[in-house]
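Asks: Before anything else, here's the structure in question.
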Amino acid sequence: MVQEHGWRRRSVLGAAIGGATLPFLGTARAADKPPVKIGWLVALTGANSSPGIGFNRGIAFATQVLNEAGGIGGRQIEIVTRDTQGDPTKAVNAALEVVSQQRVEFLLGPTNSGESLATEPVTARYKVPSLLYSVVDSLVDIRRYPYYFRQLPSNTQWTEAAQNYVLKVLKAQKVGVIGDATGYGTATLQLAASEFKKAGGDVVYTALIDPNATDATAEMQKAKQAGAEALLVWSDSAGLNARIMNARGGIGWDAPMIGHPAMGTGIVKNLLKQPSYWGKVYIVGYRSTSFDAGGQLPARTQDFLKLVGDKVKLSDTTLWWVACGYDSVNLIKWAIDHGGSSEPAAVKRAWESLTSYPGIFGDYGYSATNHNGYPTAEVVMNAADSFKNGAYSLAPGY
Amino acid sequence: MKAPTALRPAATIIAGALLLATLPLFLNDYWVHIATLAGTYWVLVSGLDLVVGYAGMLAVGYGGMLAVGAYTASVLAAKAGLDPLLALACCTVTGVIAGIIVGIPGLRLTSFYFAMATLGFAIIVTQVALAWGSLTGGGIGLAAPAYADPFASTGGFYCLVLIIDALATWLVWNIASGNPGRALIAVRDADVAAEAVGVPIARLKLSVFALSGALGSVAGGLFATAQSYITPDAFTLDLSVLFFIAVLIGGRGRIVGPMIGTGLLTLLPEIAAPLVAWSAFVYACLLLVVVLLAPGGIAELLERLRRAPPPIDRMAGPEPEAMSAALVSAPRAAGQLALAEVSRAFGGVRALDGISLTLAPGTVHGLIGPNGSGKTTALNILSGFYAVHSGRIRLGEADITRTSVQARAALGIARTFQTPRILGEASVIENVMLGAWRHAAASFGEVALGLPRFYRDERALRAQAMAALATVGLAAWANARADRLQHSEQRFLEIARALAMRPGFVLLDEPAAGLSAAEIENLGAIIAEMRRLGLGVLLVEHHADFVFRISDQVTVLATGRVLAAGTPAEIRAHREVVHAYLGA
Amino acid sequence: MIWASILVAGIATGAVYAMIGLAYNVMYSTSKVMSFTAGMLGMLGSVFGALFIGVLHWPVAAGFVATLAVGGIFGWITERLSVRPVLRNIDKHLYVLSTLALALMVQQLAAIEWGTEPRPFPTLFGIGHDLTSEQYWLPVIACIIAAAALEWFYRGTLAGRAFLAISEDARAALALGIPERRMRVLSYVLSGVVGAFAGFVGGELLLAFFANGMMLTFYGFIPVAIGGLGSNRGALVGGLVLGLIQQAANYWFGGDMVPVVAFAVFIAILLAMPRGLFGAAAQRRV
């Protein structure tokens with residue numbers, strides 16, 4: 001019912017794959033074995049729901065593909081989706097519902113950091129193997145949350161990639177750091193500024209901007225006056241990102257902007273005063289989903305796109321979101337296949353023995369002491385204005 | 001006869017509490033969590049009910065209180081290493097402070113302004129939490145306190161919430177059913193009446209804001225633990241709106257209604273999961289429907305079902321002899337109440353122009369004159385609602401020219417209003433008990449905690465109010481809603497309320513207007529008894545015959561000046577008066 | 001250069017706030033009701049402007065007229081649904097709740113149907129660039145036009161004078177034979193037009209974004225509180241002051257402090273001058 005609702009909400013997406021009907025098809029075909037229930041907490045509506053919608057497409061697609069091929073060990077996969085709207089209170093309610101009432105065996109999400117921070121301690125005691133969908137570093141804590149694994153890179157990996165690009169490729173020493181006045185923005189601003197100083201760079205200007213501010217011209221002028229050679233921008237607000245680019249272009253400044261992937265979405269593109277303002281904007285991306293100099297994606301990704309065909313709409317989302325969602329379900333299948341059962345302890349052992357899983361999004365590897373599975377080397381910078389079919393080109397210098 | 005009716009609610013409460021306490025035995029963690037959340041919200045809503053439901057202050061942004069408490073508990077537990085229960089107790093302190101911060105603008109701002117200010121408060125709290133990263137963890141947030149056994153488990157924590165729920169309900173119930181509750185309803189529905197009986201409105205409002213702040217903050221402390229981790233984005237506008245609507249759906253001026261409302265609103269999004277994207281829309285719809293169709297909320301609907309039929313003998317005869325019991329002790333002879341050379345203008349119009357007038361204890365002073373002659377202005381100046389521009393007001397030897405309405409009430413000056421100012425949604429006897437406000441001994445805190453003095457007060461005030469109602473002939477209506485009285489009966493209700501103040505002086509503003517001949521007779525008998533018992537009565541009236549019949553002294557006003565003054569016989573003979581006013 | 005941009009952005013946003021303040025005042029004049037829907041009018045102005053011109057590619061003039069019509073219709077709905085039924089008990093302040101409910105419903109509908117991400121508002125004329133671009137001067141000119149038109153309406157037309165009469169003393173106006181209800185409906189339609197006009201001209205600055213509704217309800221009310229309820233002159237001054245204060249606060253204290261400073265100004269002014277700069281005197285209570 002809920003899945004169905006999620007799809008109906010975005011009727012465009014509903015046409016892409018009949019995700020809603022999957023669990024019913026599944027139970028009809030393999031009624032003898034109980035399905036593998038996977039709880040999926042995701043902001044499908046409300047502010048900042050774009051990534052959730054992208055992940056969701058990948059998860060639904062993987063479920064469809066695997067179920068058609070017989071499921072996992074003969075068991076069909078059932079995704080129990082709950083729309084959290086980015087609200088931590090709703091997320092906690094939904095998390096408890098899927099673990100204690102639906103008795104799911106795996107948990108994916110939630111997709112916002114504030115939600116993940118709240119649901120993790122609440123669900124920890126149920127020992128449900130979970131894949132985190134949030135970049136906040138502190139979420140991975142093997143001692144307190146032994147059943148939690150991260151599939152995404154961490155926030156530190158993101159800021160490091162951006163800062164390495166500024167220092168090593170752009171050879172800029174002086175930066176301005178900008179964040180929006182939200183939870184994510186304030187926290188990442190601090191992290192990025194202190195890391196940059198640690199790496200030997202010079203932070204000449206920092207600013208927190210109200211995500212609904214109408215204008216960022218004053219901030220751009222101040223940053224320019226302070227002598228910034230590049231800007232690190234950490235905001236997931238499309239409106240603010242576009243306004244910053246408009247202000248930068250408006251004062252005729254061309255210092256590169258490096259930072260959050262939200263700067264590369266189609267929403268930002270629509271909000272720009274001139275297409276050229278999107279130039280010299282570099283966003284965090286992944287080697288697996290980046291076009292190389294020849295305009296080619298890595299071979300494994302090309303195969304994935306062939307598999308996808310036109311079953312998943314990519315033009316209005318980001319490829320890595322879809323790939324990541326796709327990998328999640330396959331990682332679960334891998335754990336059950338290799339651990340021998342879906343028992344939490346077996347799954348945990350299986351994942352911890354995983355040295356390198358060749359996913360579409362990246363090569364994941366975990367160990368008993370490391371639950372951050374995404375390799376740092378895979379995190380690269382993309383050129384924001386190179387968006388095509390959900391993917392970006394590598395930024396110059398790779 | 002009495003025992004079973006008293007036992008039934010008690011039995012219901014005990015059975016309800018037992019049922020609630022055993023929920024964790026047969027529900028899974030998810031439902032226990034939802035119940036915990038509802039219980040947590042109720043701690044806040046119970047206090048908000050006093051503010052919104054009783055005092056009628058439109059405090060929309062109480063999600064801010066939740067945030068204050070959540071951060072207090074979490075910061076004290078995480079950064080200062082306080083025991084979680086101690087940290088929860090500390091929430092009351094920050095809650096009282098936050099409550100007063102919200103309350104102070106509430107003393108001056110009217111409805112919409114105040115609603116805006118509280119919304120602003122909710123925004124500010126989360127912005128401060130965001131900006132004050134060193135303490136609150138900023139956008140990353142911080143872990144909430146985890147309780148030790150026996151409150152560590154889901155069920156254990158739920159029981160802690162239930163205990164605090166019981167405590168909060170107890171406090172709020174006491175306040176609501178006692179003197180402060182009646183005064184709050186008066187502030188909401190008839191603030192001038194509240195002032196006239198001497199309710200210190202500002203102090204009362206601040207006490208209620210402090211209490212509701214403390215409860216909201218404690219709820220926040222519990223909320224943090226239920227959530228396990230708090231970030232500023234947990235405190236959404238939707239949450240504030242939910243609390244507010246819970247009170248309104250439940251029914252203002254009630255307790256059980258809002259309790260049901262809180263439960264329903266917490267449960268609604270869970271049982272209607274497909275509606276998640278529409279939940280905010282549904283809340284708003286509910287609010288509109290309630291406001292338009294059932295402004296009294298669930299409580300009023302329930303009440304309508306079991307409303308008692310009106311007494312058969314609609315207006316029993318008054319029993320003026322009961323008045324001495326209503327006044328309890330003989331009125332103090334504080335000397336004469338006098339206006340000396342008093343003037344007052346509104347804009348350019350001189351409503352009163354140097355009038356003098358004396359009201360002696362044990363006499364009836366009639367004040368007559370054509371419309372706009374300044375009669376009611378004189379009464380408002382005597383009771384303190386208007387300030388004078390020149391001249392003095394004296395009570396015995398004391399100069400009370402600058403004394404506030406409330407202080408004059410304390411000096412024994414009672415009044416009624418031209419348009420009765422009654423508490424329509426409260427019972428008749430509660431309206432009268434409001435008049436006895438000053439004669440209760442228990443403080444706000446004593447009432448809240450239900451200390452013995454509170455019960456003694458209630459018994460004494462009730463007995464006194466019954467006597468006052470018997471005096472005016474409304475005893476049979478004591479437990480009916482006041483708005484079911486007819487207009488003329490409401491006038492007598494106001495007189496009963498004035499008597500409950502145990503006044504030395506009673507100022508009656510057109511008490512005979514709209515009364516039948518028989519009722520005017522009754523009124524005359526009541527006023528005569530007031531005089532006999534030594535009260536000074538000022539009678540502002542249009543019915544000249546009635547005034548002449550029962551007054552000792554009559555003053556005639558015309559265009560703000562004294563046209564004539566003297567005994568009824570002298571005035572009747574006064575040529576100018578006869579010519580200008582009596583028209584004979 | 002920095003000061004110029006602070007000034008220009010402050011005046012432009014201030015003009016939008018001031019126009020929302022005007023919408024508040026127009027509704028207040030005939031009904032003594034302050035409505036939470038005032039900011040929603042602005043949001044609808046941006047969203048429908050973007051829909052008609054940006055998405056459906058209507059000519060600018062047609063899109064403009066249609067947007068104002070939508071505002072007028074929403075004003076009418078506001079009166080019919082959330083004001084008229086509760087006006088009988090105005091002392092109970094039920095209108096605060098009914099208009100809040102309607103405002104939340106509209107905001108949620110916009111979020112669901114239009115989306116929760118800001119969407120672009122089309123460039124209307126394409127005159128000027130940077131600090132002289134139309135997103136800055138358009139709201140200012142529109143604000144002056146709106147204020148002047150309202151002034152003309154109040155002083156120079158029969159209906160306008162009827163508004164003023166109702167505003168002064170509704171009962172006396174009724175006794176004089178002024179059709180009070182029809183005037184009230186008219187005032188709500190007019191306020192809808194003014195509010196949608198604000199959203200339309202402020203669209204390029206604010207973008208077509210559902211959350212602008214609550215933001216404008218709040219920031220559009222502060223000018224009214226500063227200037228005094230019912231005073232259009234006050235709303236203009238108040239809007240300008242608020243716009244500049246916000247920009248200055250953003251510059252000196254950072255973006256996270258903007259709401260805090262705006263709120264502090266609001267409370268300070270109300271406590272110091274409860275009737276605002278140009279507000280009417282209090283009414284008698286007894």
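Letters for chains follow the order of the structure tokens (A, B, ...), residue numbers begin at 1 for each chain, and ligand numbers begin at 1 in the order shown.
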Quick one: DSSP helix (DSSP H, G or I) residues in stretch 73-181 of chain C, as a count of residues only?
Replies: 86
Asks: Please identify all residues of chain A having at least one atom at most 6 Å from any atom of chain C, considering only C-alpha atoms, and return them as an NGL selection string.
Replies: :A and (46-47 or 181 or 208-210 or 214 or 218 or 239 or 250 or 271)
Asks: Mind writing the picked residues with C-alpha atoms as an mmCIF file, in the first residue's frame?
Replies:
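The resulting again_39.cif:
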data_model
loop_
_atom_site.group_PDB
_atom_site.id
_atom_site.type_symbol
_atom_site.label_atom_id
_atom_site.label_comp_id
_atom_site.auth_asym_id
_atom_site.auth_seq_id
_atom_site.Cartn_x
_atom_site.Cartn_y
_atom_site.Cartn_z
ATOM 1 C CA GLY A 46 8.978 16.666 1.307
ATOM 2 C CA ALA A 47 12.097 18.774 1.051
ATOM 3 C CA ALA A 181 22.224 27.592 7.812
ATOM 4 C CA LEU A 208 26.681 30.605 6.661
ATOM 5 C CA ILE A 209 23.835 31.622 4.397
ATOM 6 C CA ASP A 210 20.142 31.218 5.065
ATOM 7 C CA THR A 214 17.171 35.910 -1.820
ATOM 8 C CA ALA A 218 27.338 40.433 -0.734
ATOM 9 C CA GLY A 239 17.896 27.274 -4.542
ATOM 10 C CA GLY A 250 26.768 38.513 -11.629
ATOM 11 C CA LEU A 271 17.460 28.320 -11.774
#
Asks: Would you mind listing, for every residue of chain B within 7 Å of chain A, the two atoms forming the shortest contact and the distance between them in Å to one decimal, using only C-alpha atoms, sorted by chain and ascending residue number, as a Markdown table?
Replies:
| residue | atom | partner | partner_atom | distance |
| --- | --- | --- | --- | --- |
| B:Asn28 | CA | A:Ser100 | CA | 6.4 |
| B:Asp29 | CA | A:Ser100 | CA | 6.0 |
| B:Tyr30 | CA | A:Leu96 | CA | 5.0 |
| B:Leu130 | CA | A:Gly183 | CA | 6.4 |
| B:Gly138 | CA | A:Gly183 | CA | 6.4 |
| B:Gly139 | CA | A:Gly183 | CA | 3.1 |
| B:Ile140 | CA | A:Ala187 | CA | 6.1 |
| B:Gln227 | CA | A:Ala118 | CA | 6.0 |
| B:Ser228 | CA | A:Ala118 | CA | 5.8 |
| B:Tyr229 | CA | A:Ala118 | CA | 4.7 |
| B:Ile230 | CA | A:Ala118 | CA | 6.7 |
| B:Thr231 | CA | A:Gly114 | CA | 6.0 |
| B:Pro232 | CA | A:Gly183 | CA | 6.9 |
| B:Asp233 | CA | A:Gly114 | CA | 6.9 |
| B:Ala234 | CA | A:Pro88 | CA | 5.3 |
| B:Ala273 | CA | A:Val2 | CA | 6.8 |
| B:Pro274 | CA | A:Val2 | CA | 5.3 |
| B:Ala277 | CA | A:Thr45 | CA | 6.4 |
Asks: At a cut-off of 7 Å, which residues of chain C touch chain B? Count only C-alpha atoms and give the answer as a VMD selection string.
Replies: chain C and resid 34 85 93 to 94 96 98 101 to 102 104 to 105 108 256 259 to 260 263 271
Asks: How close does each residue of stretch 469-575 of chain B get to stretch 436-447 of chain B, giving the shortest atom pair and distance in Å to one decimal for every residue with an atom at most 9 Å away, counting only C-alpha atoms, sorted by chain and residue number, as JSON lines?
Replies:
{"residue": "B:Arg497", "atom": "CA", "partner": "B:Ala436", "partner_atom": "CA", "distance": 7.6}
{"residue": "B:Ala498", "atom": "CA", "partner": "B:Ala436", "partner_atom": "CA", "distance": 8.5}
{"residue": "B:Leu499", "atom": "CA", "partner": "B:Ala436", "partner_atom": "CA", "distance": 8.4}
{"residue": "B:Ala500", "atom": "CA", "partner": "B:Ala436", "partner_atom": "CA", "distance": 4.9}
{"residue": "B:Met501", "atom": "CA", "partner": "B:Ala436", "partner_atom": "CA", "distance": 4.8}
{"residue": "B:Arg502", "atom": "CA", "partner": "B:Ala436", "partner_atom": "CA", "distance": 7.5}
Asks: Excluding stretch 143-158 of chain C and its own-chain neighbours fewer than 5 positions away, which residues fall within 12 Å of it when counting only C-alpha atoms? Please give them as a ChimeraX atom specification.
Replies: /C:11-23,25-26,29,136-138,163-167,178,183,187,190-191,193-202,231-237,239-240
Asks: From stretch 97-227 of chain A, collect each residue whose DSSP state is strand (DSSP E or B) and return the set as a ChimeraX atom specification.
Replies: /A:106-108,130-132,148-150,174-180,202-209
Asks: A:Phe304: which residues within 12 Å, counting only C-alpha atoms, same-chain residues fewer than 6 positions away excluded, as an mmCIF file with N, CA and C atoms, in the first residue's frame?
Replies:
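Result file out-v1.cif:
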data_model
loop_
_atom_site.group_PDB
_atom_site.id
_atom_site.type_symbol
_atom_site.label_atom_id
_atom_site.label_comp_id
_atom_site.auth_asym_id
_atom_site.auth_seq_id
_atom_site.Cartn_x
_atom_site.Cartn_y
_atom_site.Cartn_z
ATOM 1 N N GLY A 58 16.675 2.545 -7.969
ATOM 2 C CA GLY A 58 17.677 1.489 -8.025
ATOM 3 C C GLY A 58 17.255 0.265 -7.234
ATOM 4 N N PHE A 61 14.470 -1.554 -9.006
ATOM 5 C CA PHE A 61 14.967 -2.255 -10.194
ATOM 6 C C PHE A 61 15.691 -3.540 -9.814
ATOM 7 N N ALA A 62 16.571 -3.431 -8.808
ATOM 8 C CA ALA A 62 17.314 -4.618 -8.379
ATOM 9 C C ALA A 62 16.359 -5.691 -7.887
ATOM 10 N N VAL A 65 14.757 -7.379 -10.864
ATOM 11 C CA VAL A 65 15.685 -8.253 -11.578
ATOM 12 C C VAL A 65 15.919 -9.538 -10.791
ATOM 13 N N SER A 288 33.038 5.494 -10.731
ATOM 14 C CA SER A 288 32.205 4.470 -11.375
ATOM 15 C C SER A 288 31.121 5.071 -12.256
ATOM 16 N N THR A 289 30.695 6.268 -11.920
ATOM 17 C CA THR A 289 29.588 6.856 -12.674
ATOM 18 C C THR A 289 30.020 8.149 -13.350
ATOM 19 N N LEU A 297 31.816 5.734 -19.930
ATOM 20 C CA LEU A 297 31.684 5.289 -18.547
ATOM 21 C C LEU A 297 32.509 4.028 -18.386
ATOM 22 N N PRO A 298 32.912 3.656 -17.143
ATOM 23 C CA PRO A 298 33.630 2.402 -16.940
ATOM 24 C C PRO A 298 32.812 1.221 -17.483
ATOM 25 N N ASP A 310 15.605 0.870 -20.896
ATOM 26 C CA ASP A 310 14.735 2.012 -20.608
ATOM 27 C C ASP A 310 13.806 1.697 -19.441
ATOM 28 N N LYS A 311 14.209 0.701 -18.627
ATOM 29 C CA LYS A 311 13.338 0.321 -17.512
ATOM 30 C C LYS A 311 13.415 1.315 -16.357
ATOM 31 N N VAL A 312 14.494 2.071 -16.286
ATOM 32 C CA VAL A 312 14.616 3.079 -15.235
ATOM 33 C C VAL A 312 14.898 4.416 -15.901
ATOM 34 N N LEU A 319 22.782 9.051 -11.715
ATOM 35 C CA LEU A 319 23.077 7.635 -11.922
ATOM 36 C C LEU A 319 23.582 6.954 -10.660
ATOM 37 N N TRP A 320 24.431 7.680 -9.885
ATOM 38 C CA TRP A 320 25.020 6.986 -8.731
ATOM 39 C C TRP A 320 23.973 6.673 -7.680
ATOM 40 N N VAL A 322 20.910 5.690 -8.317
ATOM 41 C CA VAL A 322 20.278 4.465 -8.793
ATOM 42 C C VAL A 322 21.230 3.278 -8.596
ATOM 43 N N ALA A 323 22.492 3.496 -8.942
ATOM 44 C CA ALA A 323 23.486 2.420 -8.820
ATOM 45 C C ALA A 323 23.640 1.988 -7.371
ATOM 46 N N CYS A 324 23.637 2.950 -6.485
ATOM 47 C CA CYS A 324 23.814 2.661 -5.062
ATOM 48 C C CYS A 324 22.641 1.831 -4.550
ATOM 49 N N TYR A 326 20.718 -0.054 -6.307
ATOM 50 C CA TYR A 326 20.825 -1.364 -6.954
ATOM 51 C C TYR A 326 21.804 -2.250 -6.207
ATOM 52 N N ASP A 327 22.938 -1.653 -5.837
ATOM 53 C CA ASP A 327 23.971 -2.418 -5.126
ATOM 54 C C ASP A 327 23.488 -2.907 -3.764
ATOM 55 N N GLY A 359 30.589 -3.762 -7.056
ATOM 56 C CA GLY A 359 29.277 -3.166 -7.280
ATOM 57 C C GLY A 359 29.318 -2.224 -8.465
ATOM 58 N N ILE A 360 28.143 -1.708 -8.820
ATOM 59 C CA ILE A 360 28.081 -0.740 -9.905
ATOM 60 C C ILE A 360 28.592 0.609 -9.419
ATOM 61 N N PHE A 361 28.194 0.956 -8.196
ATOM 62 C CA PHE A 361 28.556 2.244 -7.621
ATOM 63 C C PHE A 361 30.019 2.255 -7.177
#
Asks: Could you tell me which of B:Val218, B:Leu206, B:Lys79, B:Thr40 comes closest to B:Val161 if we count only C-alpha atoms?
Replies: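 When distances to B:Val161 are compared using only C-alpha atoms, the smallest one comes from B:Thr40.
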